[in-house]
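To start, the structure under review is shown below, and the notes come after it.
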Amino acid sequence: MSKKIVTQGNTTNEAIEKGLKELNATREMVDIKVLEEEKRSFFSILAPRIVKVELTLKDEIEDNKEPKKVKKEIHLSKDDQQKAHDNLNNFLEEFVKKMPENTKYDIKDAEDYMHVSLENENLGFLIGYRGETLYALQNILSAIAGKGINNKVRVILDIEGYKEKREKTLEDLADKMAKIVVKYKKPVTLEPMQAYERKIIHSRLQENSRVETKSIGEEPHRRIVISLKNK
């Protein structure tokens, strides 16, 4: 169940700020409902004003897992695999000509996805901040691969082994943040991440006996909170 708290203050804003502090959250992460606002009469005008609000964390996940999305499993026939391969090959052949010299690409076919890798040490601009450009290009390649095919074609793109390096970075971050949570006994909220990155953090700390993880907020600002386990 989503975590709800009720707080009060002399103004609506004061009550909300108290609740946000207690939840260790921002306004974007919660639903806010004013429960009670004491009305003043002429005789009570000097009495303190009391406002009660209810704050609920949006889409909070209590079991350390990302919400499961039911995806239709797609299996490509040999003909569809060949068509998708040709679509990608035709595009990438021209694409790499506009990239830094000696850029190479490789396409691997599979029944449920196509894997594309680009190799050149000067392709950092195609990765972008935290892989944003890489994932945008991956979506474009998926659309190109599926041209003329009834089924949606899933393309997995990697550039210069970025994804493997990123996974190691996130695992190191998870370990470091877990130690901070244990040392100071206070939860830590990480910056927003893509779903696959959050999954790496969750998986890394799943077996940790002292901390737990949960995801809060909505895309594209969804983030992980690491906190001490309740014993």
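Following the order of the structure tokens, first chain is A, next is B, and so on, with residues numbered from 1 inside each chain and ligands from 1 in the order they appear.
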
**Request:** Just the helix (DSSP H, G or I) stuff from region 4-194 of chain A, please, per backbone DSSP, written as JSON, numbers by chain.
**Result:** {"A": [12, 13, 14, 15, 16, 17, 18, 19, 20, 21, 22, 23, 27, 28, 29, 42, 43, 44, 78, 79, 80, 81, 82, 83, 84, 85, 86, 87, 88, 89, 90, 91, 92, 93, 94, 95, 96, 97, 98, 124, 125, 126, 127, 129, 130, 131, 132, 133, 134, 135, 136, 137, 138, 139, 140, 141, 142, 143, 144, 145, 162, 163, 164, 165, 166, 167, 168, 169, 170, 171, 172, 173, 174, 175, 176, 177, 178, 179, 180, 181, 182, 183, 184]}

With C-alpha atoms retained, write the just-selected residues as a JSON list (two decimals), in the first residue's frame.
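Below is the file out-v5.json, written as the result:
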[["chain", "number", "residue", "atom", "x", "y", "z"],
["A", 12, "THR", "CA", -1.57, 24.79, 4.12],
["A", 13, "ASN", "CA", 2.01, 25.30, 2.95],
["A", 14, "GLU", "CA", 3.42, 24.77, 6.43],
["A", 15, "ALA", "CA", 1.48, 21.52, 6.81],
["A", 16, "ILE", "CA", 2.68, 20.29, 3.39],
["A", 17, "GLU", "CA", 6.32, 21.15, 4.11],
["A", 18, "LYS", "CA", 6.19, 19.21, 7.39],
["A", 19, "GLY", "CA", 4.86, 16.19, 5.55],
["A", 20, "LEU", "CA", 7.45, 16.40, 2.78],
["A", 21, "LYS", "CA", 10.24, 16.55, 5.35],
["A", 22, "GLU", "CA", 8.87, 13.50, 7.14],
["A", 23, "LEU", "CA", 8.57, 11.53, 3.87],
["A", 27, "ARG", "CA", 6.06, 17.95, -4.06],
["A", 28, "GLU", "CA", 6.34, 16.14, -7.40],
["A", 29, "MET", "CA", 6.52, 12.80, -5.56],
["A", 42, "PHE", "CA", -15.38, 36.66, 14.84],
["A", 43, "PHE", "CA", -14.88, 35.25, 18.35],
["A", 44, "SER", "CA", -12.03, 32.88, 17.39],
["A", 78, "LYS", "CA", 13.37, -16.36, -40.00],
["A", 79, "ASP", "CA", 11.94, -14.23, -42.80],
["A", 80, "ASP", "CA", 11.18, -11.36, -40.40],
["A", 81, "GLN", "CA", 14.65, -11.63, -38.87],
["A", 82, "GLN", "CA", 16.20, -11.36, -42.31],
["A", 83, "LYS", "CA", 13.97, -8.43, -43.24],
["A", 84, "ALA", "CA", 14.82, -6.62, -39.99],
["A", 85, "HIS", "CA", 18.51, -7.35, -40.51],
["A", 86, "ASP", "CA", 18.39, -5.93, -44.05],
["A", 87, "ASN", "CA", 16.52, -2.83, -42.86],
["A", 88, "LEU", "CA", 19.14, -2.16, -40.21],
["A", 89, "ASN", "CA", 22.05, -2.95, -42.50],
["A", 90, "ASN", "CA", 20.82, -0.56, -45.21],
["A", 91, "PHE", "CA", 20.44, 2.25, -42.69],
["A", 92, "LEU", "CA", 23.67, 1.66, -40.77],
["A", 93, "GLU", "CA", 25.73, 1.36, -43.93],
["A", 94, "GLU", "CA", 24.91, 4.99, -44.73],
["A", 95, "PHE", "CA", 24.83, 6.09, -41.08],
["A", 96, "VAL", "CA", 28.44, 5.12, -40.29],
["A", 97, "LYS", "CA", 29.66, 7.12, -43.29],
["A", 98, "LYS", "CA", 28.61, 10.24, -41.38],
["A", 124, "GLY", "CA", 30.67, 9.59, -26.95],
["A", 125, "PHE", "CA", 28.29, 12.12, -28.48],
["A", 126, "LEU", "CA", 26.02, 9.23, -29.51],
["A", 127, "ILE", "CA", 25.81, 8.05, -25.91],
["A", 129, "TYR", "CA", 24.29, 12.16, -20.68],
["A", 130, "ARG", "CA", 23.52, 8.91, -18.84],
["A", 131, "GLY", "CA", 22.85, 7.21, -22.18],
["A", 132, "GLU", "CA", 19.93, 9.46, -23.18],
["A", 133, "THR", "CA", 21.09, 9.82, -26.80],
["A", 134, "LEU", "CA", 21.89, 6.11, -27.02],
["A", 135, "TYR", "CA", 18.35, 5.15, -25.99],
["A", 136, "ALA", "CA", 16.82, 7.67, -28.38],
["A", 137, "LEU", "CA", 18.87, 6.15, -31.23],
["A", 138, "GLN", "CA", 17.87, 2.67, -30.06],
["A", 139, "ASN", "CA", 14.19, 3.62, -30.45],
["A", 140, "ILE", "CA", 14.87, 4.95, -33.94],
["A", 141, "LEU", "CA", 16.63, 1.71, -34.91],
["A", 142, "SER", "CA", 13.66, -0.30, -33.60],
["A", 143, "ALA", "CA", 11.33, 1.66, -35.88],
["A", 144, "ILE", "CA", 13.67, 1.20, -38.86],
["A", 145, "ALA", "CA", 14.09, -2.54, -38.22],
["A", 162, "TYR", "CA", 28.77, 1.55, -22.60],
["A", 163, "LYS", "CA", 26.06, -0.57, -21.00],
["A", 164, "GLU", "CA", 28.50, -2.93, -19.32],
["A", 165, "LYS", "CA", 30.54, -0.01, -17.97],
["A", 166, "ARG", "CA", 27.38, 1.74, -16.77],
["A", 167, "GLU", "CA", 26.21, -1.39, -14.96],
["A", 168, "LYS", "CA", 29.51, -1.56, -13.04],
["A", 169, "THR", "CA", 29.22, 2.15, -12.14],
["A", 170, "LEU", "CA", 25.68, 1.67, -10.81],
["A", 171, "GLU", "CA", 26.63, -1.39, -8.78],
["A", 172, "ASP", "CA", 29.48, 0.56, -7.18],
["A", 173, "LEU", "CA", 27.07, 3.44, -6.47],
["A", 174, "ALA", "CA", 24.57, 1.06, -4.84],
["A", 175, "ASP", "CA", 27.27, -0.35, -2.54],
["A", 176, "LYS", "CA", 28.53, 3.11, -1.60],
["A", 177, "MET", "CA", 25.06, 4.52, -0.86],
["A", 178, "ALA", "CA", 24.14, 1.44, 1.20],
["A", 179, "LYS", "CA", 27.17, 2.03, 3.42],
["A", 180, "ILE", "CA", 26.17, 5.68, 3.89],
["A", 181, "VAL", "CA", 22.63, 4.66, 4.87],
["A", 182, "VAL", "CA", 23.95, 2.17, 7.43],
["A", 183, "LYS", "CA", 26.50, 4.62, 8.83],
["A", 184, "TYR", "CA", 24.17, 7.60, 9.27]]

**Asked** Just asking: which residues within chain A are strand (DSSP E) according to DSSP, as a PyMOL selection string?
**Response** chain A and resi 4-9+30-37+51-57+104-109+114-119+155-159+188-189+211-216+223-228

**Request:** Excluding Pro192 (chain A) and residues on its chain fewer than 2 positions from it, collect all residues at most 12 Å away from it, counting only C-alpha atoms, and give them as number ranges by chain.
**Result:** A: 29, 130, 189-190, 194-198, 215-225

**Message:** Set the distance at 6 Å and use only C-alpha atoms: which residues neighbour region 149-156 of chain A once local chain neighbours fewer than 2 positions away are removed? I'd like the list as a ChimeraX atom specification.
**Reply:** /A:113-115,142,146-147

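CA of Ile200 (chain A) is positioned 25.3 Å from CA of Ile107 (chain A).
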
**Asked** For the atom pair CA of Lys3 (chain A) and CA of Leu55 (chain A), what is the interatomic distance in Å to one decimal place?
**Response** 8.3 Å

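CA of Asp106 (chain A) sits 19.1 Å away from CA of Leu76 (chain A).
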